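*Asks:* Just input-v2.pdb, nothing more (PDB, C-alpha atoms):
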ATOM      1  CA  MET X  28       0.000   0.000   0.000
ATOM      2  CA  ALA X  29       2.626   2.547   1.053
ATOM      3  CA  ASP X  30       4.811   1.587  -1.945
ATOM      4  CA  ARG X  31       2.615   3.645  -4.255
ATOM      5  CA  LEU X  32       2.490   6.563  -1.803
ATOM      6  CA  PRO X  33       6.142   7.634  -1.524
ATOM      7  CA  LEU X  34       5.567  10.700   0.675
ATOM      8  CA  HIS X  35       3.533   8.694   3.158
ATOM      9  CA  ARG X  36       6.044   5.851   3.049
ATOM     10  CA  ALA X  37       9.000   8.140   3.770
ATOM     11  CA  LYS X  38       7.227   9.847   6.648
ATOM     12  CA  LEU X  39       6.102   6.554   8.136
ATOM     13  CA  ALA X  40       9.622   5.148   7.912
ATOM     14  CA  ALA X  41      11.098   8.216   9.620
ATOM     15  CA  LEU X  42       8.551   8.084  12.434
ATOM     16  CA  CYS X  43       9.107   4.349  12.925
ATOM     17  CA  ARG X  44      12.872   4.845  13.162
ATOM     18  CA  ALA X  45      12.425   7.583  15.748
ATOM     19  CA  GLY X  46       9.895   5.504  17.665
ATOM     20  CA  ILE X  47      12.174   2.487  17.868
ATOM     21  CA  GLU X  48      14.856   4.687  19.427
ATOM     22  CA  ASP X  49      12.441   5.960  22.103
ATOM     23  CA  PRO X  50      12.678   3.745  25.218
ATOM     24  CA  HIS X  51       9.233   4.830  26.398
ATOM     25  CA  LEU X  52       7.546   3.165  23.421
ATOM     26  CA  THR X  53       6.751  -0.537  23.189
ATOM     27  CA  GLY X  54       5.209  -0.439  19.726
ATOM     28  CA  MET X  55       3.426   1.491  16.994
ATOM     29  CA  VAL X  56       0.128   0.692  15.321
ATOM     30  CA  ILE X  57      -1.451   2.263  12.247
ATOM     31  CA  GLY X  58      -5.207   2.409  11.761
ATOM     32  CA  GLY X  59      -7.616   4.032   9.338
ATOM     33  CA  SER X  60      -7.392   3.610   5.589
ATOM     34  CA  PHE X  61      -3.840   2.220   5.701
ATOM     35  CA  ALA X  62      -5.086  -0.648   7.857
ATOM     36  CA  THR X  63      -8.065  -1.367   5.589
ATOM     37  CA  GLY X  64      -6.121  -1.141   2.309
ATOM     38  CA  GLU X  65      -8.034   1.942   1.132
ATOM     39  CA  ALA X  66      -5.314   4.597   1.482
ATOM     40  CA  ASP X  67      -4.727   7.121  -1.281
ATOM     41  CA  VAL X  68      -2.791  10.379  -1.697
ATOM     42  CA  TYR X  69      -5.386  12.198   0.434
ATOM     43  CA  SER X  70      -5.126   9.821   3.398
ATOM     44  CA  ASP X  71      -3.749  10.780   6.775
ATOM     45  CA  LEU X  72      -1.570   8.620   8.999
ATOM     46  CA  ASP X  73      -3.555   7.431  12.014
ATOM     47  CA  LEU X  74      -0.775   6.368  14.393
ATOM     48  CA  LYS X  75      -1.205   4.878  17.848
ATOM     49  CA  PHE X  76       1.755   4.578  20.194
ATOM     50  CA  SER X  77       1.954   1.961  22.941
ATOM     51  CA  ILE X  78       3.721   3.646  25.873
ATOM     52  CA  ARG X  79       5.000   2.088  29.075
ATOM     53  CA  ASP X  80       2.637   3.147  31.844
ATOM     54  CA  GLU X  81       5.414   4.462  34.058
ATOM     55  CA  GLY X  82       6.817   6.602  31.223
ATOM     56  CA  TYR X  83       3.550   7.975  29.862
ATOM     57  CA  ASP X  84       3.731  11.497  31.301
ATOM     58  CA  SER X  85       7.401  11.783  30.447
ATOM     59  CA  TRP X  86       6.695  10.785  26.851
ATOM     60  CA  LEU X  87       3.939  13.382  26.538
ATOM     61  CA  ALA X  88       6.304  16.078  27.743
ATOM     62  CA  GLY X  89       8.951  15.126  25.186
ATOM     63  CA  ARG X  90       6.916  13.987  22.188
ATOM     64  CA  ASP X  91       7.976  16.970  20.058
ATOM     65  CA  ALA X  92      11.145  15.055  19.208
ATOM     66  CA  LEU X  93       9.085  12.322  17.573
ATOM     67  CA  VAL X  94       6.904  14.856  15.762
ATOM     68  CA  ASP X  95      10.022  16.597  14.423
ATOM     69  CA  ALA X  96      11.273  13.301  13.023
ATOM     70  CA  GLY X  97       8.380  13.387  10.566
ATOM     71  CA  GLY X  98       9.481  16.644   8.958
ATOM     72  CA  ARG X  99       8.565  20.317   9.278
ATOM     73  CA  ALA X 100       5.197  20.786  10.955
ATOM     74  CA  VAL X 101       3.174  23.817   9.856
ATOM     75  CA  ALA X 102       0.357  23.244  12.370
ATOM     76  CA  SER X 103      -0.217  21.077  15.429
ATOM     77  CA  PHE X 104      -2.885  20.991  18.093
ATOM     78  CA  SER X 105      -4.332  18.651  20.691
ATOM     79  CA  ALA X 106      -7.521  16.737  19.939
ATOM     80  CA  GLU X 107      -9.843  17.808  22.758
ATOM     81  CA  HIS X 108     -12.628  18.159  20.181
ATOM     82  CA  THR X 109     -12.526  14.394  19.623
ATOM     83  CA  GLY X 110     -12.491  13.557  23.336
ATOM     84  CA  LEU X 111      -8.784  12.639  23.163
ATOM     85  CA  PRO X 112      -6.898  15.540  24.753
ATOM     86  CA  ASP X 113      -3.580  13.657  24.765
ATOM     87  CA  MET X 114      -3.690  13.044  21.016
ATOM     88  CA  LEU X 115      -1.767  15.475  18.823
ATOM     89  CA  ILE X 116      -2.911  16.322  15.302
ATOM     90  CA  VAL X 117      -0.068  17.502  13.079
ATOM     91  CA  LEU X 118      -0.026  18.927   9.553
ATOM     92  CA  TYR X 119       3.350  18.830   7.824
ATOM     93  CA  ASP X 120       4.559  21.131   5.060
ATOM     94  CA  ASP X 121       3.996  18.369   2.482
ATOM     95  CA  LEU X 122       0.302  18.462   3.549
ATOM     96  CA  ILE X 123       0.374  15.022   5.110
ATOM     97  CA  HIS X 124      -1.725  14.978   8.264
ATOM     98  CA  VAL X 125      -0.640  12.680  11.094
ATOM     99  CA  ASP X 126      -2.548  11.764  14.249
ATOM    100  CA  PHE X 127      -0.237  10.939  17.158
ATOM    101  CA  GLN X 128      -2.376   9.039  19.675
ATOM    102  CA  PRO X 129      -0.550   7.905  22.825
ATOM    103  CA  ILE X 130      -2.002   4.903  24.649
ATOM    104  CA  ARG X 131      -0.843   3.445  27.945
ATOM    105  CA  GLU X 132       0.414  -0.075  27.337
ATOM    106  CA  THR X 133      -2.114  -1.592  29.750
ATOM    107  CA  LYS X 134      -4.994   0.230  27.993
ATOM    108  CA  LEU X 135      -4.036  -0.762  24.466
ATOM    109  CA  ALA X 136      -6.496  -3.613  23.942
ATOM    110  CA  ALA X 137      -9.484  -1.617  25.174
ATOM    111  CA  THR X 138      -8.580   1.293  22.908
ATOM    112  CA  VAL X 139      -7.633  -0.388  19.645
ATOM    113  CA  GLU X 140      -9.251  -3.820  19.361
ATOM    114  CA  ASP X 141     -12.556  -2.719  17.792
ATOM    115  CA  PHE X 142     -10.889  -0.955  14.863
ATOM    116  CA  PRO X 143      -8.838  -2.181  11.896
ATOM    117  CA  PHE X 144      -5.132  -1.888  12.661
ATOM    118  CA  PHE X 145      -1.698  -2.998  11.538
ATOM    119  CA  VAL X 146       1.285  -3.364  13.871
ATOM    120  CA  LEU X 147       4.230  -1.381  12.457
ATOM    121  CA  TRP X 148       6.774  -2.540  15.037
ATOM    122  CA  GLU X 149       6.833  -3.754  18.637
ATOM    123  CA  ARG X 150       9.183  -4.822  21.405
ATOM    124  CA  ASN X 151       8.912  -8.397  22.655
ATOM    125  CA  GLU X 152       5.423  -8.818  21.159
ATOM    126  CA  ALA X 153       4.137  -6.180  23.588
ATOM    127  CA  VAL X 154       1.425  -5.132  21.140
ATOM    128  CA  SER X 155       0.433  -8.366  19.408
ATOM    129  CA  LYS X 156      -0.005 -10.185  22.735
ATOM    130  CA  GLN X 157      -2.754  -7.701  23.591
ATOM    131  CA  LEU X 158      -4.163  -7.441  20.076
ATOM    132  CA  PRO X 159      -4.406 -10.927  18.589
ATOM    133  CA  GLY X 160      -6.760  -9.625  15.905
ATOM    134  CA  ALA X 161      -9.249  -6.926  15.141
ATOM    135  CA  SER X 162     -12.700  -7.522  16.508
ATOM    136  CA  ALA X 163     -15.431  -7.813  13.903
ATOM    137  CA  LYS X 164     -17.991  -6.528  16.363
ATOM    138  CA  SER X 165     -19.979  -3.532  15.182
ATOM    139  CA  ARG X 166     -20.372  -0.614  17.525
ATOM    140  CA  THR X 167     -23.767   0.151  16.075
ATOM    141  CA  ASP X 168     -26.208  -0.347  18.963
ATOM    142  CA  LEU X 169     -29.640  -0.861  17.429
ATOM    143  CA  GLU X 170     -31.550  -0.727  20.691
ATOM    144  CA  TRP X 171     -29.800   2.492  21.724
ATOM    145  CA  ILE X 172     -30.559   4.117  18.359
ATOM    146  CA  GLU X 173     -34.202   3.050  18.248
ATOM    147  CA  ALA X 174     -34.775   4.405  21.755
ATOM    148  CA  ARG X 175     -33.578   7.861  20.644
ATOM    149  CA  MET X 176     -34.206   8.262  16.926
ATOM    150  CA  TRP X 177     -37.851   9.235  17.130
ATOM    151  CA  THR X 178     -37.190  11.886  19.762
ATOM    152  CA  TRP X 179     -34.393  13.261  17.580
ATOM    153  CA  ALA X 180     -36.820  13.363  14.646
ATOM    154  CA  TRP X 181     -39.341  15.337  16.679
ATOM    155  CA  TYR X 182     -36.584  17.713  17.798
ATOM    156  CA  ALA X 183     -35.666  18.362  14.154
ATOM    157  CA  HIS X 184     -39.353  18.797  13.321
ATOM    158  CA  THR X 185     -39.782  21.471  16.000
ATOM    159  CA  LYS X 186     -36.756  23.359  14.679
ATOM    160  CA  ILE X 187     -38.263  23.401  11.193
ATOM    161  CA  LEU X 188     -41.657  24.510  12.505
ATOM    162  CA  ARG X 189     -40.056  27.260  14.589
ATOM    163  CA  GLY X 190     -37.945  28.488  11.684
ATOM    164  CA  GLU X 191     -34.628  27.605  13.348
ATOM    165  CA  LEU X 192     -33.382  26.227  10.087
ATOM    166  CA  TYR X 193     -29.643  26.067  10.704
ATOM    167  CA  GLU X 194     -30.281  23.942  13.785
ATOM    168  CA  ALA X 195     -32.601  21.788  11.705
ATOM    169  CA  LEU X 196     -29.884  21.308   9.088
ATOM    170  CA  ASP X 197     -27.472  20.246  11.834
ATOM    171  CA  ALA X 198     -30.033  17.754  13.151
ATOM    172  CA  LEU X 199     -30.575  16.257   9.696
ATOM    173  CA  GLN X 200     -26.837  15.905   9.199
ATOM    174  CA  TYR X 201     -26.460  14.294  12.624
ATOM    175  CA  MET X 202     -29.138  11.690  11.930
ATOM    176  CA  ARG X 203     -27.661  10.905   8.546
ATOM    177  CA  GLY X 204     -24.065  10.633   9.773
ATOM    178  CA  TRP X 205     -24.618   8.943  13.135
ATOM    179  CA  VAL X 206     -27.639   6.765  12.393
ATOM    180  CA  LEU X 207     -28.323   6.164   8.708
ATOM    181  CA  PHE X 208     -24.744   5.606   7.574
ATOM    182  CA  PRO X 209     -23.909   3.230  10.469
ATOM    183  CA  LEU X 210     -27.110   1.271   9.806
ATOM    184  CA  LEU X 211     -26.174   1.013   6.143
ATOM    185  CA  ALA X 212     -22.732  -0.296   7.116
ATOM    186  CA  LEU X 213     -24.340  -2.847   9.435
ATOM    187  CA  ARG X 214     -26.666  -3.986   6.678
ATOM    188  CA  LYS X 215     -23.718  -4.358   4.287
ATOM    189  CA  GLY X 216     -21.640  -6.206   6.881
ATOM    190  CA  VAL X 217     -18.798  -3.682   6.945
ATOM    191  CA  ARG X 218     -17.350  -1.447   9.621
ATOM    192  CA  SER X 219     -19.000   1.907  10.084
ATOM    193  CA  GLY X 220     -16.898   4.952   9.325
ATOM    194  CA  GLY X 221     -19.667   7.525   9.539
ATOM    195  CA  SER X 222     -19.905   9.391   6.250
ATOM    196  CA  ARG X 223     -16.424   8.375   5.111
ATOM    197  CA  ARG X 224     -16.456   6.482   1.802
ATOM    198  CA  THR X 225     -20.208   6.003   2.024
ATOM    199  CA  ASP X 226     -20.673   7.141  -1.588
ATOM    200  CA  ALA X 227     -19.244   3.791  -2.704
ATOM    201  CA  LEU X 228     -21.473   1.884  -0.282
ATOM    202  CA  VAL X 229     -24.979   3.246  -0.870
ATOM    203  CA  GLY X 230     -25.562   1.399  -4.155
ATOM    204  CA  ASP X 231     -29.231   1.402  -5.153
ATOM    205  CA  LEU X 232     -30.050   3.463  -2.055
ATOM    206  CA  ALA X 233     -28.173   6.476  -3.449
ATOM    207  CA  PRO X 234     -31.388   8.352  -4.405
ATOM    208  CA  ALA X 235     -32.898   7.677  -0.978
ATOM    209  CA  PHE X 236     -29.807   9.025   0.791
ATOM    210  CA  ALA X 237     -29.619  12.039  -1.535
ATOM    211  CA  ALA X 238     -33.230  12.836  -0.650
ATOM    212  CA  THR X 239     -32.202  13.343   2.997
ATOM    213  CA  VAL X 240     -30.071  16.372   2.046
ATOM    214  CA  ALA X 241     -31.927  19.689   2.074
ATOM    215  CA  ALA X 242     -31.225  23.274   1.104
ATOM    216  CA  TYR X 243     -32.014  26.194   3.412
ATOM    217  CA  ASP X 244     -35.760  26.000   2.843
ATOM    218  CA  ARG X 245     -38.517  24.929   5.232
ATOM    219  CA  ASP X 246     -40.411  22.858   2.684
ATOM    220  CA  GLU X 247     -37.254  21.076   1.547
ATOM    221  CA  MET X 248     -36.190  20.427   5.131
ATOM    222  CA  MET X 249     -39.549  18.962   6.027
ATOM    223  CA  ARG X 250     -39.423  16.630   3.045
ATOM    224  CA  ALA X 251     -35.832  15.697   3.916
ATOM    225  CA  LEU X 252     -36.824  14.870   7.498
ATOM    226  CA  GLN X 253     -39.680  12.697   6.288
ATOM    227  CA  ASN X 254     -37.251  10.984   3.924
ATOM    228  CA  VAL X 255     -34.753  10.463   6.762
ATOM    229  CA  MET X 256     -37.335   8.630   8.817
ATOM    230  CA  GLU X 257     -38.639   6.600   5.878
ATOM    231  CA  LEU X 258     -35.078   5.500   5.116
ATOM    232  CA  TYR X 259     -34.445   4.867   8.808
ATOM    233  CA  THR X 260     -37.355   2.445   9.138
ATOM    234  CA  SER X 261     -36.398   0.640   5.921
ATOM    235  CA  LEU X 262     -32.874   0.097   7.275
ATOM    236  CA  ALA X 263     -33.617  -0.407  10.962
ATOM    237  CA  ASP X 264     -36.725  -2.600  10.922
ATOM    238  CA  PRO X 265     -35.124  -5.702   9.341
ATOM    239  CA  LEU X 266     -32.098  -5.323  11.617
ATOM    240  CA  LEU X 267     -34.273  -4.952  14.716
ATOM    241  CA  ALA X 268     -36.264  -8.033  13.721
ATOM    242  CA  ALA X 269     -33.118 -10.063  13.085
ATOM    243  CA  ALA X 270     -31.778  -9.056  16.501
ATOM    244  CA  GLU X 271     -35.155  -9.846  18.123
ATOM    245  CA  LEU X 272     -35.467  -6.266  19.377
ATOM    246  CA  GLU X 273     -38.808  -4.521  19.726
ATOM    247  CA  PRO X 274     -39.369  -1.208  17.940
ATOM    248  CA  ALA X 275     -40.328   1.803  20.049
ATOM    249  CA  ASP X 276     -43.961   1.604  18.946
ATOM    250  CA  ASP X 277     -45.368   4.338  21.192
ATOM    251  CA  ALA X 278     -42.741   6.854  20.121
ATOM    252  CA  ARG X 279     -43.105   5.815  16.493
ATOM    253  CA  ARG X 280     -46.856   6.355  16.453
ATOM    254  CA  ALA X 281     -46.700   9.739  18.152
ATOM    255  CA  VAL X 282     -43.878  11.143  16.045
ATOM    256  CA  GLN X 283     -45.001   9.614  12.751
ATOM    257  CA  SER X 284     -48.388  11.270  13.156
ATOM    258  CA  ALA X 285     -46.674  14.639  13.496
ATOM    259  CA  LEU X 286     -44.360  13.914  10.556
ATOM    260  CA  ASP X 287     -47.350  13.064   8.384
ATOM    261  CA  ALA X 288     -48.798  16.484   9.190
ATOM    262  CA  GLY X 289     -45.515  18.123   8.279
ATOM    263  CA  LEU X 290     -45.562  21.916   8.322
ATOM    264  CA  THR X 291     -49.298  21.920   9.109
ATOM    265  CA  TRP X 292     -48.832  20.196  12.484
ATOM    266  CA  LYS X 293     -50.670  21.817  15.395
ATOM    267  CA  PRO X 294     -50.607  20.863  19.083
ATOM    268  CA  PRO X 295     -53.507  18.630  20.090
ATOM    269  CA  PRO X 296     -56.308  20.315  22.046
ATOM    270  CA  PRO X 297     -56.135  20.043  25.832
ATOM    271  CA  PRO X 298     -58.080  17.136  27.353
TER     272      PRO X 298
END
Do you think you could lay out the structure here as structure tokens?
*Replies:*
Amino acid sequence: MADRLPLHRAKLAALCRAGIEDPHLTGMVIGGSFATGEADVYSDLDLKFSIRDEGYDSWLAGRDALVDAGGRAVASFSAEHTGLPDMLIVLYDDLIHVDFQPIRETKLAATVEDFPFFVLWERNEAVSKQLPGASAKSRTDLEWIEARMWTWAWYAHTKILRGELYEALDALQYMRGWVLFPLLALRKGVRSGGSRRTDALVGDLAPAFAATVAAYDRDEMMRALQNVMELYTSLADPLLAAAELEPADDARRAVQSALDAGLTWKPPPPP
């Protein structure tokens, strides 16, 4: 894979050499598109570093030396926005983006095992002993999604009715990226990557997915929301049945009634 990506290959080799010389490290793992065989010239390097527990803080304090081994960085920042404040995101002057994710050696299995990975190097099998193979388990939790999806749909509906259209657009994007795409991946039997590379996965559902994208227009957004929920039920219902999970019938009936009314929905009269 890296043979046809010379810039990536050179950077990866330099970082591996520097990592091997660092006594705090017990191994390096690469994830993302390089681990799945889908890397191209636009791909980043998703690197995970196994660090001896007792040397973790020391490594964090001195990690600039490893970053510098990759070349001249033009930007770098920590990844608090992803929930990983110890991870460093670096952009080099050749426009290759590298994620430096440190992981305590004893936490490695819990952090990495559910994602595709490839061990770049290790000391005394420190990594492979913990990671005998990538888990095929999907993180898509059908029961969790079904319990929430209809409330999310009603939330988006209220934003459209109220005229808070930017919030409604965000809600539509959230449901597409965090529900519809993962359900599609589950149906296809592949790992979910959110919206990444989904264009190649949708197949004959491409028109249905395209119909969930709306412009800044109330009528379009209402139709898109209705399309989101129609697509959701077509994806989720067979999966729920196969998993012997019950649909949230009460929530479905209440919200679907409002969705059918669309922009004409009015609150029911008081009892």
*Asks:* Step by step, work through what the PyMOL selection byres ((chain X and resi 245) around 8) selects in the shown file, and finish by giving those residues as a list of chain:residue names.
*Replies:*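 Against this file, the PyMOL selection byres ((chain X and resi 245) around 8) returns the residues X:Ile187, X:Leu188, X:Gly190, X:Leu192, X:Tyr243, X:Asp244, X:Asp246, X:Glu247, X:Met248, X:Met249.
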*Asks:* Identify the residues around (6.5, 23.8, 11.2) within a radius of 8 Å, measuring from only C-alpha atoms in the coordinates stated by the file, and give them as a PyMOL selection string.
*Replies:* chain X and resi 99-102+119-120
*Asks:* Give as a compact mmCIF listing (two decimals) with C-alpha atoms, in the frame of the given file each residue that has an atom at most 8 Å from (0.8, 9.6, -5.8) in the file, counting only C-alpha atoms.
*Replies:*
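File part.txt, as written:
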# COMPACT_ATOMS: atom_id res chain seq x y z
CA ARG X 31 2.62 3.64 -4.26
CA LEU X 32 2.49 6.56 -1.80
CA PRO X 33 6.14 7.63 -1.52
CA ASP X 67 -4.73 7.12 -1.28
CA VAL X 68 -2.79 10.38 -1.70
*Asks:* Please indicate the distance in Å from atom CA of Ala233 of chain X to atom CA of Ile172 of chain X, rounded to one decimal place.
*Replies:*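 Separation of atom CA of Ala233 of chain X and atom CA of Ile172 of chain X: 22.1 Å.
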*Asks:* Residues within 12 Å of segment 277-279 of chain X, please, as an NGL selection string. Count all atoms listed in the file; anything in the same chain fewer than 5 positions from it doesn't count.
*Replies:* :X and (173-181 or 256-257 or 259-260 or 264 or 284-287)
*Asks:* Within 8 Å of Leu115 of chain X, counting all atoms listed in the file, which residues show up once you throw out same-chain ones fewer than 5 positions away? Write them as a list of chain:residue names, please.
*Replies:*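 That gives X:Ser103, X:Phe104, X:Ser105, X:Ala106, X:Asp126, X:Phe127, X:Gln128.
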*Asks:* In Å, how far is it from atom CA of Leu39 of chain X to atom CA of Leu147 of chain X?
*Replies:* 9.2 Å
*Asks:* List the residues selected by the PyMOL selection byres ((chain X and resi 46) around 12) in the file shown, writing them as a PDB file with C-alpha atoms, in the coordinates of the input.
*Replies:*
ATOM      1  CA  LEU X  39       6.102   6.554   8.136  1.00  0.00           C
ATOM      2  CA  ALA X  40       9.622   5.148   7.912  1.00  0.00           C
ATOM      3  CA  ALA X  41      11.098   8.216   9.620  1.00  0.00           C
ATOM      4  CA  LEU X  42       8.551   8.084  12.434  1.00  0.00           C
ATOM      5  CA  CYS X  43       9.107   4.349  12.925  1.00  0.00           C
ATOM      6  CA  ARG X  44      12.872   4.845  13.162  1.00  0.00           C
ATOM      7  CA  ALA X  45      12.425   7.583  15.748  1.00  0.00           C
ATOM      8  CA  ILE X  47      12.174   2.487  17.868  1.00  0.00           C
ATOM      9  CA  GLU X  48      14.856   4.687  19.427  1.00  0.00           C
ATOM     10  CA  ASP X  49      12.441   5.960  22.103  1.00  0.00           C
ATOM     11  CA  PRO X  50      12.678   3.745  25.218  1.00  0.00           C
ATOM     12  CA  HIS X  51       9.233   4.830  26.398  1.00  0.00           C
ATOM     13  CA  LEU X  52       7.546   3.165  23.421  1.00  0.00           C
ATOM     14  CA  THR X  53       6.751  -0.537  23.189  1.00  0.00           C
ATOM     15  CA  GLY X  54       5.209  -0.439  19.726  1.00  0.00           C
ATOM     16  CA  MET X  55       3.426   1.491  16.994  1.00  0.00           C
ATOM     17  CA  VAL X  56       0.128   0.692  15.321  1.00  0.00           C
ATOM     18  CA  LEU X  74      -0.775   6.368  14.393  1.00  0.00           C
ATOM     19  CA  LYS X  75      -1.205   4.878  17.848  1.00  0.00           C
ATOM     20  CA  PHE X  76       1.755   4.578  20.194  1.00  0.00           C
ATOM     21  CA  SER X  77       1.954   1.961  22.941  1.00  0.00           C
ATOM     22  CA  ILE X  78       3.721   3.646  25.873  1.00  0.00           C
ATOM     23  CA  TRP X  86       6.695  10.785  26.851  1.00  0.00           C
ATOM     24  CA  ARG X  90       6.916  13.987  22.188  1.00  0.00           C
ATOM     25  CA  ASP X  91       7.976  16.970  20.058  1.00  0.00           C
ATOM     26  CA  ALA X  92      11.145  15.055  19.208  1.00  0.00           C
ATOM     27  CA  LEU X  93       9.085  12.322  17.573  1.00  0.00           C
ATOM     28  CA  VAL X  94       6.904  14.856  15.762  1.00  0.00           C
ATOM     29  CA  ASP X  95      10.022  16.597  14.423  1.00  0.00           C
ATOM     30  CA  ALA X  96      11.273  13.301  13.023  1.00  0.00           C
ATOM     31  CA  GLY X  97       8.380  13.387  10.566  1.00  0.00           C
ATOM     32  CA  PHE X 127      -0.237  10.939  17.158  1.00  0.00           C
ATOM     33  CA  PRO X 129      -0.550   7.905  22.825  1.00  0.00           C
ATOM     34  CA  LEU X 147       4.230  -1.381  12.457  1.00  0.00           C
ATOM     35  CA  TRP X 148       6.774  -2.540  15.037  1.00  0.00           C
ATOM     36  CA  GLU X 149       6.833  -3.754  18.637  1.00  0.00           C
ATOM     37  CA  ARG X 150       9.183  -4.822  21.405  1.00  0.00           C
TER      38      ARG X 150
END
*Asks:* Record the distance separating atom CA of Ala281 of chain X and atom CA of Lys186 of chain X, expressed in Å with one decimal.
*Replies:*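 For atom CA of Ala281 of chain X relative to atom CA of Lys186 of chain X, the distance reads 17.2 Å.
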*Asks:* Applied to the shown file, which residues does the PyMOL selection byres ((chain X and resi 214) around 12) return, written as a PDB file with C-alpha atoms, in the frame of the given file?
*Replies:*
ATOM      1  CA  SER X 165     -19.979  -3.532  15.182  1.00  0.00           C
ATOM      2  CA  THR X 167     -23.767   0.151  16.075  1.00  0.00           C
ATOM      3  CA  LEU X 169     -29.640  -0.861  17.429  1.00  0.00           C
ATOM      4  CA  LEU X 207     -28.323   6.164   8.708  1.00  0.00           C
ATOM      5  CA  PHE X 208     -24.744   5.606   7.574  1.00  0.00           C
ATOM      6  CA  PRO X 209     -23.909   3.230  10.469  1.00  0.00           C
ATOM      7  CA  LEU X 210     -27.110   1.271   9.806  1.00  0.00           C
ATOM      8  CA  LEU X 211     -26.174   1.013   6.143  1.00  0.00           C
ATOM      9  CA  ALA X 212     -22.732  -0.296   7.116  1.00  0.00           C
ATOM     10  CA  LEU X 213     -24.340  -2.847   9.435  1.00  0.00           C
ATOM     11  CA  LYS X 215     -23.718  -4.358   4.287  1.00  0.00           C
ATOM     12  CA  GLY X 216     -21.640  -6.206   6.881  1.00  0.00           C
ATOM     13  CA  VAL X 217     -18.798  -3.682   6.945  1.00  0.00           C
ATOM     14  CA  ARG X 218     -17.350  -1.447   9.621  1.00  0.00           C
ATOM     15  CA  SER X 219     -19.000   1.907  10.084  1.00  0.00           C
ATOM     16  CA  LEU X 228     -21.473   1.884  -0.282  1.00  0.00           C
ATOM     17  CA  VAL X 229     -24.979   3.246  -0.870  1.00  0.00           C
ATOM     18  CA  LEU X 232     -30.050   3.463  -2.055  1.00  0.00           C
ATOM     19  CA  TYR X 259     -34.445   4.867   8.808  1.00  0.00           C
ATOM     20  CA  SER X 261     -36.398   0.640   5.921  1.00  0.00           C
ATOM     21  CA  LEU X 262     -32.874   0.097   7.275  1.00  0.00           C
ATOM     22  CA  ALA X 263     -33.617  -0.407  10.962  1.00  0.00           C
ATOM     23  CA  ASP X 264     -36.725  -2.600  10.922  1.00  0.00           C
ATOM     24  CA  PRO X 265     -35.124  -5.702   9.341  1.00  0.00           C
ATOM     25  CA  LEU X 266     -32.098  -5.323  11.617  1.00  0.00           C
ATOM     26  CA  LEU X 267     -34.273  -4.952  14.716  1.00  0.00           C
ATOM     27  CA  ALA X 269     -33.118 -10.063  13.085  1.00  0.00           C
TER      28      ALA X 269
END
